[in-house]
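Q: Have a look at this one before I ask anything.
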Amino acid sequence: MLLAAGLVGAPRPALAAQATSIARPESAPLPPIDGPPAPVAPATVNRDENGRATMRAFRIATPLTLDGRLDEEVYETVQGAGGFIQQVPAEGEQATEPTEIWVMYDEENLYIAARCFDSQPAREIATELRRDDSGLIQNESLSVVLDTFYDRRNGFTFQTGPLGTLRDQSIVDSQLNSSWNTVWDTRSARSDQGWTIEMVIPFKSLRYGTSGPQVWGINVRRIVKWKNENSYLSAVPAAYGQGAVNRMNAAGTLVGVETPLQSKNLELKPYVAATLATDRAATVPYSNHLAKNVGFDFKYGITRGLTADITANTDFAQVEEDLQQVNLTRFSLFFPEKREFFLEGQGIFAFGGAPLGTSSTTEREIPVIFFSRQIGLSSGQTVPVVAGARVAGQVGAYSIGALNIQTDDKPSIGATATNFSVVRLKRNVFRRSTVGMIATRRAPTIVGDDSNGAGGIDANFGFFQNVSVGGFYATTSSSVADGNNDSYRGFFEYGGDRYGLEAEHLAIGPQFNPEVGYVRRTDFRRSFGRVRFSPRTPSSRLMRKLTWQASFDYIENAGRTLVQNRSAFGSFGIEFNSGDSLAVEYRGEYEYLPRNFTIATGVVVPQGGYDYSNARFTYNIGQQRRVSGRAAITVGSFYGDGTKTEASYDGYIGLSPHFAIEPTMSLAWVDLPYGQFTARVLGARTIITPNARMVVSSLVQFNAATHSLTSSARLRWEYRPGSELFLVYSDGRDTLAPDAPRLVNRSLALKITRLLRF
């Protein structure tokens with residue numbers, strides 16, 4: 001049986017609560033509680049008239065045995081914190097299904113336990129067992145967020161459900177990094193009264209300011225999916241939506257935790273890997289080439305909040321394959337970062353309101369000054385990473401990030417040895433605002449010249465509950481670029497539950513070129529505005545919320561002499577009580593093509609300005625059903641007198657918690673005066689999940705536009721917390737060749753990692 005202390009097995013001892021005091025340096029006073037006073041024992045929670053909670057943790061004399069059953073004596077002698085408050089559907093009301101929560105600790109670990117009562121346990125939705133999968137929010141689940149610096153901006157999320165699923169995320173300035181992982185464990189148990197959970201989180205897995213007594217932020221969200229009800233330990237407004245769990249400014253307060261005295265915090269993660277590869281499309285084709293690799297990642301806690309990472313001979317053989325997309329625009333696609341080394345502290349490097357590298361979008365125009373996929377990748381192919389170092393974390397009111405990585409050359413794809421450097425600094429100001437700067441450097445540049453640099457300053461201010469104001473200024477430099485190489489942005493957002501308002505102005509000069517970043521396009525000025533009216537319908541048994549939105553987007557060149565894009569958009573949406581939703585949208589568009597655009601093989605749209613419009617219907621089927629997903633149909637004109645019809649489906653078929661299929665389909669039928677074509681991307685992912693720490697998945701994709709058939713299979717087994725085994729197979733084939741499907745490339749990779757903690 002897995003025991004919390006050190007995560008190793010041992011017999012279960014008797015358990016007792018014990019009050020203990022650890023001497024705290026006088027130079028580090030506890031921060032004042034931002035909320036109601038601490039509860040007086042035996043109470044474990046205290047609330048004010050607004051529903052904000054202050055919770056008390058307590059020390060235990062011996063480690064918990066992790067089995068999820070809540071049958072130890074402590075659960076009888078210490079009162080759990082209850083009284084959860086609904087966010088939706090009835091904001092501010094008591095939760096209809098009671099929840100009790102306990103927070104405990106000993107010298108090494110933090111323990112969190114919960115009892116989730118359910119009046120109809122047979123209706124519980126529990127289908128998702130995969131580690132870190134976002135589908136868990138479509139199940140019965142419990143999320144615990146900890147703001148360990150008590151800065152009301154950043155934190156860590158630990159989520160589980162009735163099956164014992166593990167999902168962990170980090171929060172930076174209210175943005176989630178869903179790919180962040182750490183060492184922790186959880187167990188669940190089900191009964192005729194509901195379900196129970198126990199979590200153990202080693203203090204070494206958390207970052208916090210100092211050792212000794214703590215004041216942290218905390219919130220706990222329970223999702224009762226069969227009712228589509230969300231409730232919280234500390235009340236949060238409905239306006240925050242599903243992302244309310246990220247909003248640490250609305251969290252409660254946790255007192256009573258005493259962390260261990262300062263000790264060394266070292267992690268070493270060596271790996272061994274072997275790859276057998278064939279690439280018949282390389283400059284120098286090769287078959288069955290065997291490559292062996294050994295390397296390591298080293299992590300050292302400089303302080304409890306600031307961590308240094310070193311990587312040597314980095315290998316990314318475990319990375320999942322990107323999902324292919326139909327692209328009918330003249331802009332390149334944005335694919336998210338999936339490589340582990342770049343994920344911890346990723347949110348610190350986010351700049352100017354751009355999405356984190358884990359958020360995929362093709363529509364946002366905000367430049368990404370640092371985009372880690374520029375490192376170790378070229379033309380979709382991997383480039384050897386020789387070594388790298390990174391420092392990331394928090395020191396007082398400052399968030400610090402610095403990175404330097406050296407890649408090697410790879411003649412087969414024309415990649416040369418390159419050095420990448422990034423420095424990021426942010427300072428917390430006021431209650432939930434930040435100001436910061438960033439600088440990046442790449443040498444040599446993509447075209448092989450001296451170097452490319454980028455730098456900027458940004459500010460984001462949060463006022464009241466729903467108002468955000470901010471912006472940035474950035475510039476780039478390169479030995480081959482002259483002219484306007486600046487970019488700036490200013491924005492205002494009001495995000496109330498019933499009303500919403502957004503305004504933005506963004507400009508990017510024609511020579512703006514951050515080569516360690518991502519820019520969708522240059523040489524433009526954008527003015528954007530959106531309004532929203534979204535009343536709730538509490539009297540309806542069918543509908544929960546109605547939403548009307550309208551926006552206007554106006555983009556011209558930097559010299560303001562040419563309109564590049566003009567878009568008017570309107571939509572109407574319904575959110576149903578069942579968890580389903582539908583949306584009807586209309587968009588009128590004007591687009592200027594600065595040059596001939598080859599939209600498909602043999603189909604060229606001439607330079608010039610074009611008006612077109614389309615209507616889109618989308619229906620989301622909630623995962624409470626065995627077959628769920630998003631289906632959409634778009635019809636309308638395209639580039640003047642042309643027409644376009646699109647149909648897509650991204651689905652989930654949950655046959656059991658251990659077996660599921662995710663089909664994807666994207667079809668486009670385009671009829672233009674310059675030619676006709678059909679774009680098709682079809683795919684399916686099969687997922688086998690024997691337990692919460694093992695998953696076998698396979699992905700098959702067919703892209704008619706590139707005449708490619710790709711397939712992959714991936715085993716990920718976390719054989720002990722933080723240590724993993726990966727076995728990955730992938731191949732690509734040409735479906736247009738005379739002997740189709742002709743093999744183009746193929747690889748088989750094995751990688752084993754082992755986490756050593758000191």
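Order determines the names: the first chain of the structure tokens is A, the second B, and so forth; residues in each chain are numbered 1 upward, and ligands are numbered 1 upward as they are shown.
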Need the shell around stretch 442-450 of chain A: protein/DNA/RNA residues with any atom at most 9 Å away, counting only C-alpha atoms. Skip same-chain ones fewer than 6 positions apart. Format as a compact mmCIF listing (two decimals) with C-alpha atoms, in the first residue's frame?
A:
# COMPACT_ATOMS: atom_id res chain seq x y z
CA ALA A 415 19.52 23.68 -39.21
CA THR A 416 22.66 25.33 -37.79
CA ALA A 417 23.93 25.43 -34.21
CA THR A 418 22.06 28.21 -32.41
CA ASN A 419 22.04 29.85 -28.99
CA PHE A 420 18.76 31.06 -27.44
CA SER A 421 18.51 33.43 -24.46
CA SER A 478 18.49 42.40 -36.40
CA SER A 479 21.51 43.15 -38.57
CA VAL A 480 19.41 42.66 -41.70
CA PRO A 514 11.07 38.26 -32.70
CA GLU A 515 12.82 35.08 -33.89
CA VAL A 516 12.43 33.43 -30.48
Q: I need the residues in stretch 144-354 of chain A that are helix (DSSP H, G or I) according to DSSP; give them as a VMD selection string.
A: chain A and resid 203 to 205 238 to 246 248 to 250 340 to 342 346 to 349
Q: May I ask which of the residues A:Ser134, A:Asn466, A:Asn428, A:Asn577 is the closest one to A:Arg247, counting only C-alpha atoms?
A: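 That would be A:Asn466, the residue with the smallest distance to A:Arg247.
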Q: Could you check the closest approach to A:Arg221 for each of A:Ser551, A:Ala474, A:Glu100, A:Val469 and tell me which residue wins, using only C-alpha atoms?
A: A:Glu100
Q: From the options A:Pro657, A:Tyr586, A:Met665, A:His289, which residue's atoms come nearest to A:Pro690, counting only C-alpha atoms?
A: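 Checking each candidate against A:Pro690, we get A:Pro657 as the closest.
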Q: Looking at A:Tyr592, A:Phe677, A:Tyr488, A:Tyr398, which one is nearest to A:Gly305, with distances taken over only C-alpha atoms?
A: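 Of A:Tyr592, A:Phe677, A:Tyr488, A:Tyr398, the one nearest A:Gly305 is A:Tyr398, counting only C-alpha atoms.
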Q: Which of these residues is nearest to A:Ser539, using only C-alpha atoms: A:Tyr240, A:Gln623, A:Gly414, A:Pro89?
A: A:Pro89
Q: From a backbone DSSP assignment, name each residue in stretch 613-710 of chain A labelled strand (DSSP E), as a ChimeraX atom specification.
A: /A:613-621,627-638,642-656,659-672,675-691,694-703,708-710
Q: Which residues, written as a ChimeraX atom specification, have at least one atom at most 7 Å from A:Thr664, with only C-alpha atoms counted and residues fewer than 5 positions away on the same chain left out?
A: /A:649-651,682-684
Q: Which residues, written as a list of chain:residue names, have at least one atom at most 10 Å from A:Asp497, with only C-alpha atoms counted and residues fewer than 3 positions away on the same chain left out?
A: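 With the cut-off at 10 Å, the set is A:Pro237, A:Ala238, A:Ala239, A:Tyr240, A:Gly241, A:Asn466, A:Tyr494, A:Gly500, A:Arg532, A:Phe533, A:Ser534, A:Pro535, A:Arg536.
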Q: Restricting the calculation to only C-alpha atoms, which member of A:Arg59, A:Arg432, A:Lys227, A:Arg526 is positioned closest to A:Arg541?
A: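 Result for the nearest residue to A:Arg541: A:Lys227.
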Q: Mind giving me the straight-line distance from atom CA of A:Gly495 to atom CA of A:Val220 in Å, one decimal?
A: 22.5 Å
Q: So which residues touch stretch 731-738 of chain A within 7 Å, counting only C-alpha atoms, skipping near sequence neighbours fewer than 2 positions away, as number ranges by chain?
A: A: 707-712, 740-747
Q: For the residues in that selection, give me C-alpha atoms as an mmCIF file, in the first residue's frame.
A:
data_model
loop_
_atom_site.group_PDB
_atom_site.id
_atom_site.type_symbol
_atom_site.label_atom_id
_atom_site.label_comp_id
_atom_site.auth_asym_id
_atom_site.auth_seq_id
_atom_site.Cartn_x
_atom_site.Cartn_y
_atom_site.Cartn_z
ATOM 1 C CA HIS A 707 -1.702 13.464 -49.424
ATOM 2 C CA SER A 708 -0.317 12.214 -46.130
ATOM 3 C CA LEU A 709 -1.331 9.399 -43.818
ATOM 4 C CA THR A 710 0.295 9.553 -40.396
ATOM 5 C CA SER A 711 -0.029 7.175 -37.493
ATOM 6 C CA SER A 712 1.477 6.920 -34.053
ATOM 7 C CA ALA A 740 0.578 4.234 -52.155
ATOM 8 C CA PRO A 741 0.676 4.396 -49.263
ATOM 9 C CA ARG A 742 4.443 4.777 -49.690
ATOM 10 C CA LEU A 743 6.504 5.040 -46.516
ATOM 11 C CA VAL A 744 8.139 8.466 -46.111
ATOM 12 C CA ASN A 745 9.389 8.309 -42.512
ATOM 13 C CA ARG A 746 9.163 5.998 -39.540
ATOM 14 C CA SER A 747 10.537 5.905 -36.017
#
Q: I want to know what sits within 8 Å of A:Trp717, based on only C-alpha atoms, with residues of the same chain fewer than 6 positions away left out; could you give that as a ChimeraX atom specification?
A: /A:693-695,724-726
Q: Could you write out that same residue set with N, CA and C atoms as a compact mmCIF listing (two decimals), in the first residue's frame?
A:
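Writing the result to out.txt gives the following:
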# COMPACT_ATOMS: atom_id res chain seq x y z
N ARG A 693 -2.03 6.06 -13.83
CA ARG A 693 -0.66 6.43 -14.16
C ARG A 693 -0.15 5.74 -15.42
N MET A 694 -1.02 5.11 -16.17
CA MET A 694 -0.61 4.47 -17.41
C MET A 694 -1.63 4.74 -18.49
N VAL A 695 -1.17 5.08 -19.69
CA VAL A 695 -2.07 5.28 -20.81
C VAL A 695 -1.38 4.81 -22.09
N GLU A 724 9.15 7.91 -15.41
CA GLU A 724 8.28 7.45 -16.47
C GLU A 724 9.01 6.61 -17.51
N LEU A 725 8.22 5.78 -18.17
CA LEU A 725 8.68 5.02 -19.32
C LEU A 725 7.81 5.38 -20.51
N PHE A 726 8.45 5.67 -21.65
CA PHE A 726 7.74 5.99 -22.88
C PHE A 726 8.18 5.03 -23.99
Q: Can you pull out the residues contacting A:Glu646? Cut-off 10 Å, using only C-alpha atoms, and skip same-chain residues under 2 positions away; I want them as a PyMOL selection string.
A: chain A and resi 616+632-636+644+648+666-670+678-680
Q: Those residues you just picked out, can you put them in a file as an mmCIF file, in the first residue's frame with C-alpha atoms?
A:
data_model
loop_
_atom_site.group_PDB
_atom_site.id
_atom_site.type_symbol
_atom_site.label_atom_id
_atom_site.label_comp_id
_atom_site.auth_asym_id
_atom_site.auth_seq_id
_atom_site.Cartn_x
_atom_site.Cartn_y
_atom_site.Cartn_z
ATOM 1 C CA ARG A 616 -21.859 28.999 -38.494
ATOM 2 C CA ALA A 632 -20.060 22.576 -36.423
ATOM 3 C CA ILE A 633 -21.256 23.548 -39.909
ATOM 4 C CA THR A 634 -20.256 26.751 -41.732
ATOM 5 C CA VAL A 635 -21.748 27.973 -45.024
ATOM 6 C CA GLY A 636 -21.269 31.174 -46.964
ATOM 7 C CA LYS A 644 -17.306 27.612 -48.916
ATOM 8 C CA SER A 648 -16.206 19.514 -38.411
ATOM 9 C CA SER A 666 -12.625 18.552 -40.668
ATOM 10 C CA LEU A 667 -14.041 18.924 -44.191
ATOM 11 C CA ALA A 668 -14.147 21.964 -46.457
ATOM 12 C CA TRP A 669 -15.739 22.212 -49.908
ATOM 13 C CA VAL A 670 -14.539 25.316 -51.721
ATOM 14 C CA THR A 678 -11.979 19.778 -51.141
ATOM 15 C CA ALA A 679 -9.825 19.876 -48.004
ATOM 16 C CA ARG A 680 -10.152 16.906 -45.686
#
